[in-house]
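Participant: As input, take work_31.cif (mmCIF, C-alpha atoms):
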```cif
data_protein
#
loop_
_atom_site.group_PDB
_atom_site.id
_atom_site.type_symbol
_atom_site.label_atom_id
_atom_site.label_comp_id
_atom_site.auth_asym_id
_atom_site.auth_seq_id
_atom_site.Cartn_x
_atom_site.Cartn_y
_atom_site.Cartn_z
ATOM 1 C CA MET A 1 104.544 98.582 80.942
ATOM 2 C CA MET A 2 107.173 96.499 82.613
ATOM 3 C CA PRO A 3 110.604 95.004 81.980
ATOM 4 C CA ILE A 4 110.583 91.366 82.967
ATOM 5 C CA SER A 5 113.096 88.810 84.190
ATOM 6 C CA GLU A 6 112.808 85.414 85.820
ATOM 7 C CA GLN A 7 112.556 86.707 89.387
ATOM 8 C CA GLN A 8 111.241 90.249 89.243
ATOM 9 C CA CYS A 9 109.770 93.004 87.150
ATOM 10 C CA VAL A 10 109.457 96.759 87.377
ATOM 11 C CA ILE A 11 105.992 98.143 86.738
ATOM 12 C CA TYR A 12 105.405 101.572 85.254
ATOM 13 C CA GLU A 13 101.752 102.589 85.483
ATOM 14 C CA ALA A 14 100.088 105.767 84.174
ATOM 15 C CA GLN A 15 98.124 106.762 87.272
ATOM 16 C CA CYS A 16 101.124 106.139 89.517
ATOM 17 C CA ASP A 17 102.887 108.938 87.628
ATOM 18 C CA THR A 18 100.336 111.346 89.123
ATOM 19 C CA GLN A 19 101.788 110.494 92.563
ATOM 20 C CA ASP A 20 98.423 109.335 93.871
ATOM 21 C CA ILE A 21 99.620 107.481 96.967
ATOM 22 C CA ALA A 22 96.246 105.821 97.564
ATOM 23 C CA HIS A 23 96.305 104.415 94.020
ATOM 24 C CA VAL A 24 99.873 103.129 94.411
ATOM 25 C CA TYR A 25 98.894 101.448 97.678
ATOM 26 C CA GLU A 26 95.724 99.875 96.211
ATOM 27 C CA MET A 27 97.618 98.673 93.130
ATOM 28 C CA LEU A 28 100.298 97.047 95.293
ATOM 29 C CA LEU A 29 97.665 95.298 97.416
ATOM 30 C CA MET A 30 95.842 94.024 94.318
ATOM 31 C CA LEU A 31 99.006 92.847 92.533
ATOM 32 C CA THR A 32 100.463 91.076 95.533
ATOM 33 C CA SER A 33 97.143 89.440 96.336
ATOM 34 C CA GLU A 34 96.516 88.193 92.791
ATOM 35 C CA LEU A 35 100.121 87.149 92.134
ATOM 36 C CA ASP A 36 100.852 85.806 95.648
ATOM 37 C CA CYS A 37 104.088 87.800 95.875
ATOM 38 C CA SER A 38 105.853 90.765 97.451
ATOM 39 C CA ALA A 39 106.077 94.178 95.817
ATOM 40 C CA LEU A 40 107.945 97.337 96.703
ATOM 41 C CA GLY A 41 106.308 100.560 95.540
ATOM 42 C CA VAL A 42 108.477 103.655 95.297
ATOM 43 C CA LEU A 43 107.369 107.250 94.846
ATOM 44 C CA ASN A 44 109.861 110.091 94.382
ATOM 45 C CA HIS A 45 108.151 113.427 95.069
ATOM 46 C CA ASP A 46 110.050 116.369 93.529
ATOM 47 C CA ASP A 47 113.311 114.720 94.623
ATOM 48 C CA ASP A 48 112.569 115.841 98.225
ATOM 49 C CA LEU A 49 110.872 112.681 99.453
ATOM 50 C CA LEU A 50 111.233 109.008 98.615
ATOM 51 C CA LEU A 51 108.251 107.020 99.837
ATOM 52 C CA THR A 52 108.578 103.222 99.903
ATOM 53 C CA ILE A 53 105.643 100.871 100.429
ATOM 54 C CA LEU A 54 106.158 97.123 100.832
ATOM 55 C CA CYS A 55 103.204 94.777 100.395
ATOM 56 C CA ASN A 56 103.024 90.994 100.497
ATOM 57 C CA LYS A 57 100.115 88.775 99.499
ATOM 58 C CA GLY A 58 97.566 91.592 99.633
ATOM 59 C CA LYS A 59 98.721 93.124 102.917
ATOM 60 C CA LEU A 60 100.712 96.227 103.787
ATOM 61 C CA ILE A 61 103.926 95.068 105.429
ATOM 62 C CA ALA A 62 105.832 98.339 105.907
ATOM 63 C CA ASP A 63 106.188 101.851 104.618
ATOM 64 C CA TYR A 64 108.992 104.334 105.023
ATOM 65 C CA SER A 65 109.986 107.730 103.683
ATOM 66 C CA CYS A 66 113.498 109.053 103.147
ATOM 67 C CA GLY A 67 113.958 112.801 103.196
ATOM 68 C CA MET A 68 111.386 115.295 104.338
ATOM 69 C CA SER A 69 107.953 114.209 105.432
ATOM 70 C CA PHE A 70 104.996 115.625 103.526
ATOM 71 C CA GLU A 71 104.205 117.783 106.578
ATOM 72 C CA GLU A 72 107.725 119.278 106.617
ATOM 73 C CA MET A 73 107.686 119.876 102.869
ATOM 74 C CA TYR A 74 104.485 121.869 102.927
ATOM 75 C CA ALA A 75 104.921 123.554 106.334
ATOM 76 C CA GLU A 76 106.422 126.673 104.752
ATOM 77 C CA TYR A 77 103.249 127.106 102.668
ATOM 78 C CA ASP A 78 100.745 126.530 105.471
ATOM 79 C CA ASP A 79 100.774 129.033 108.352
ATOM 80 C CA GLU A 80 98.489 126.823 110.417
ATOM 81 C CA LEU A 81 101.047 124.036 110.859
ATOM 82 C CA PRO A 82 103.034 124.491 114.091
ATOM 83 C CA ASP A 83 106.772 125.140 113.969
ATOM 84 C CA MET A 84 108.842 122.080 114.776
ATOM 85 C CA ASP A 85 110.853 122.459 117.969
ATOM 86 C CA GLU A 86 113.805 120.490 119.304
ATOM 87 C CA GLU A 87 111.662 118.463 121.717
ATOM 88 C CA ALA A 88 109.548 117.223 118.817
ATOM 89 C CA ASP A 89 112.650 116.213 116.850
ATOM 90 C CA GLU A 90 113.756 113.510 119.280
ATOM 91 C CA PRO A 91 110.563 111.378 119.245
ATOM 92 C CA GLN A 92 110.370 111.792 115.463
ATOM 93 C CA GLY A 93 113.986 110.580 115.211
ATOM 94 C CA GLN A 94 113.154 107.553 117.340
ATOM 95 C CA GLN A 95 110.008 106.910 115.324
ATOM 96 C CA LYS A 96 111.982 107.219 112.079
ATOM 97 C CA GLU A 97 114.523 104.658 113.258
ATOM 98 C CA GLU A 98 111.749 102.282 114.365
ATOM 99 C CA GLN A 99 110.047 102.593 110.982
ATOM 100 C CA ALA A 100 113.402 102.101 109.226
ATOM 101 C CA ARG A 101 114.053 98.914 111.224
ATOM 102 C CA VAL A 102 110.603 97.553 110.361
ATOM 103 C CA MET A 103 111.258 98.258 106.661
ATOM 104 C CA VAL A 104 114.723 96.672 106.872
ATOM 105 C CA ASP A 105 113.373 93.509 108.493
ATOM 106 C CA SER A 106 110.510 93.346 106.010
ATOM 107 C CA LEU A 107 112.715 93.900 102.949
ATOM 108 C CA SER A 108 115.199 91.293 104.134
ATOM 109 C CA GLU A 109 112.350 88.771 104.346
ATOM 110 C CA ALA A 110 110.845 89.770 100.983
ATOM 111 C CA PHE A 111 114.077 89.879 98.978
ATOM 112 C CA ASP A 112 116.799 87.247 99.189
ATOM 113 C CA GLU A 113 120.366 88.206 100.031
ATOM 114 C CA VAL A 114 119.570 91.602 101.595
ATOM 115 C CA ASN A 115 122.172 92.648 104.144
ATOM 116 C CA LYS A 116 120.357 94.474 106.958
ATOM 117 C CA GLU A 117 123.136 96.791 108.188
ATOM 118 C CA PRO A 118 123.861 98.554 104.871
ATOM 119 C CA LEU A 119 120.119 98.797 104.251
ATOM 120 C CA LEU A 120 119.530 100.459 107.628
ATOM 121 C CA GLU A 121 122.397 102.873 106.873
ATOM 122 C CA VAL A 122 120.744 103.812 103.578
ATOM 123 C CA LEU A 123 117.355 104.404 105.176
ATOM 124 C CA MET A 124 118.768 106.464 108.058
ATOM 125 C CA GLN A 125 121.164 108.534 105.938
ATOM 126 C CA ASP A 126 120.325 112.128 105.052
ATOM 127 C CA PHE A 127 120.330 112.708 101.310
ATOM 128 C CA VAL A 128 120.185 115.978 99.426
ATOM 129 C CA PHE A 129 118.049 114.431 96.685
ATOM 130 C CA ALA A 130 115.617 111.535 96.983
ATOM 131 C CA ILE A 131 117.039 109.890 93.861
ATOM 132 C CA GLU A 132 120.304 109.382 95.774
ATOM 133 C CA ALA A 133 118.412 107.388 98.422
ATOM 134 C CA HIS A 134 116.628 105.443 95.668
ATOM 135 C CA GLU A 135 119.929 104.578 93.941
ATOM 136 C CA LYS A 136 121.433 103.295 97.198
ATOM 137 C CA LEU A 137 118.261 101.357 98.056
ATOM 138 C CA VAL A 138 118.279 99.678 94.635
ATOM 139 C CA GLU A 139 121.957 98.800 95.023
ATOM 140 C CA VAL A 140 121.596 97.294 98.516
ATOM 141 C CA VAL A 141 118.370 95.383 97.815
ATOM 142 C CA GLY A 142 119.568 94.176 94.401
ATOM 143 C CA LEU A 143 116.793 95.668 92.293
ATOM 144 C CA PRO A 144 117.191 96.449 88.590
ATOM 145 C CA GLU A 145 118.647 99.854 87.695
ATOM 146 C CA CYS A 146 115.654 100.539 85.452
ATOM 147 C CA SER A 147 113.620 101.007 88.638
ATOM 148 C CA ILE A 148 115.369 104.345 89.283
ATOM 149 C CA GLY A 149 114.123 107.599 87.829
ATOM 150 C CA LEU A 150 111.789 106.254 85.175
ATOM 151 C CA GLY A 151 108.033 106.464 84.995
ATOM 152 C CA TYR A 152 105.239 105.529 82.684
ATOM 153 C CA ASN A 153 105.293 108.921 80.949
ATOM 154 C CA HIS A 154 109.057 108.734 80.339
ATOM 155 C CA ILE A 155 108.638 105.400 78.599
ATOM 156 C CA ASN A 156 105.462 106.374 76.763
ATOM 157 C CA GLU A 157 107.247 109.458 75.375
ATOM 158 C CA GLY A 158 110.292 107.399 74.315
ATOM 159 C CA GLN A 159 112.717 108.850 76.875
ATOM 160 C CA ILE A 160 114.397 105.533 77.715
ATOM 161 C CA GLU A 161 117.392 105.263 75.384
ATOM 162 C CA ASP A 162 120.098 104.698 78.011
ATOM 163 C CA GLN A 163 118.073 103.240 80.888
ATOM 164 C CA LEU A 164 116.087 100.466 79.261
ATOM 165 C CA ASP A 165 115.953 98.358 76.096
ATOM 166 C CA SER A 166 112.427 98.666 74.717
ATOM 167 C CA LYS A 167 112.595 94.967 73.719
ATOM 168 C CA GLN A 168 112.432 94.164 77.438
ATOM 169 C CA LEU A 169 109.065 95.886 77.822
ATOM 170 C CA MET A 170 105.685 94.225 77.938
ATOM 171 C CA GLN A 171 102.604 96.463 77.775
ATOM 172 C CA ILE A 172 99.416 95.384 79.495
ATOM 173 C CA GLY A 173 96.201 97.286 78.764
ATOM 174 C CA ASN A 174 96.005 100.495 76.757
#
```
Could you render the structure as structure tokens?
Facilitator:
Amino acid sequence: MMPISEQQCVIYEAQCDTQDIAHVYEMLLMLTSELDCSALGVLNHDDDLLLTILCNKGKLIADYSCGMSFEEMYAEYDDELPDMDEEADEPQGQQKEEQARVMVDSLSEAFDEVNKEPLLEVLMQDFVFAIEAHEKLVEVVGLPECSIGLGYNHINEGQIEDQLDSKQLMQIGN
């Protein structure tokens, strides 16, 4: 299901709601290849992590996560993962900024009118909840508000009253 406009659409897909990152990635590659376009995939995991994946014409361009990494999130449940020390924090901070800059450059090429400085601020900012990062990202990039906090299951179960007019939706497939 997707709301459509002249320049962009938001896609809600059933398997993406399972947070299968490999599926999201493969779907983005397929869509951008077949439609000769750019697509930004966003996955909010338990409001702790916001993963963004940017693809263009069937190729991965950049990916970036705001909030905890998957390793940090699950470290408390896995005794075998080493504790993070201060020395490890610095390279990770540098790596995070590098990845953020790659995503900023890539998004500014993929979407018109994106101002790089506010976008970098959003990506480097610490948020309590991933949805806060998603809201700011949507605002800075100029994406539709219906791309925040909704999923296929929300729409399929009719939980869209305030966020989206069902007349804007087009369903493809079952």
Participant: Evaluate the PyMOL selection byres ((chain A and resi 6-20) around 10) against this structure - the residues, as an MDAnalysis selection string, please.
Facilitator: chainID A and resid 1:5 21:25 27 38:45 143:148 150:156 169:172 174
Participant: Run the PyMOL selection byres ((chain A and resi 32-35) around 7) mentally over the shown coordinates, then write out the matched residues as a list in words, using the chain letters and numbers from the document.
Facilitator: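 Taken over the shown coordinates, the PyMOL selection byres ((chain A and resi 32-35) around 7) returns Leu28, Leu29, Met30, Leu31, Asp36, Cys37, Ser38, Ala39, Cys55, Asn56, Lys57 and Gly58 of chain A.
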Participant: Once 5 Å is added on each side, what centre and edge lengths in Å to one decimal does the axis-aligned box around all listed atoms of stretch 35-50 of chain A have, as JSON?
Facilitator:
```
{"center_x": 106.7, "center_y": 101.1, "center_z": 95.8, "size_x": 23.2, "size_y": 40.6, "size_z": 17.3}
```
Participant: For A:Val128, please output as a list in words all residues within 9 Å (counting all atoms listed in the file; exclusion window: fewer than 3 positions along the same chain).
Facilitator: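 The residues that qualify are Asp47, Asp48, Gly67, Ile131, Glu132 and Ala133 of chain A.
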Participant: By how many Å are atom CA of A:Leu123 and atom CA of A:Val102 apart?
Facilitator: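 Computing it gives 10.9 Å between the two atoms.
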Participant: Measuring between all atoms listed in the file, which one of A:Val140, A:His134, A:Met124, A:Glu117 shows the shortest distance to A:Leu51?
Facilitator: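 Looking only at the distances to A:Leu51, the closest residue turns out to be A:His134.
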Participant: Please evaluate the PyMOL selection byres ((chain A and resi 97) around 12) against the displayed coordinates and give the resulting residues as a VMD selection string.
Facilitator: chain A and resid 64 to 66 90 to 96 98 to 104 120 to 125
Participant: What is the distance between atom CA of A:Val141 and atom CA of A:Glu26, in Å to one decimal?
Facilitator: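 Pair atom CA of A:Val141 / atom CA of A:Glu26 returns 23.1 Å.
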Participant: Please compute the atom CA of A:Lys136-atom CA of A:Gln159 distance, one decimal, in Å.
Facilitator: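 Result for atom CA of A:Lys136 versus atom CA of A:Gln159: 22.8 Å, one decimal.
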Participant: Calculated over all atoms listed in the file, which of the candidates A:Glu157, A:Ser106, A:Phe127, A:Asn115 has the smallest distance to A:Leu60?
Facilitator: A:Ser106
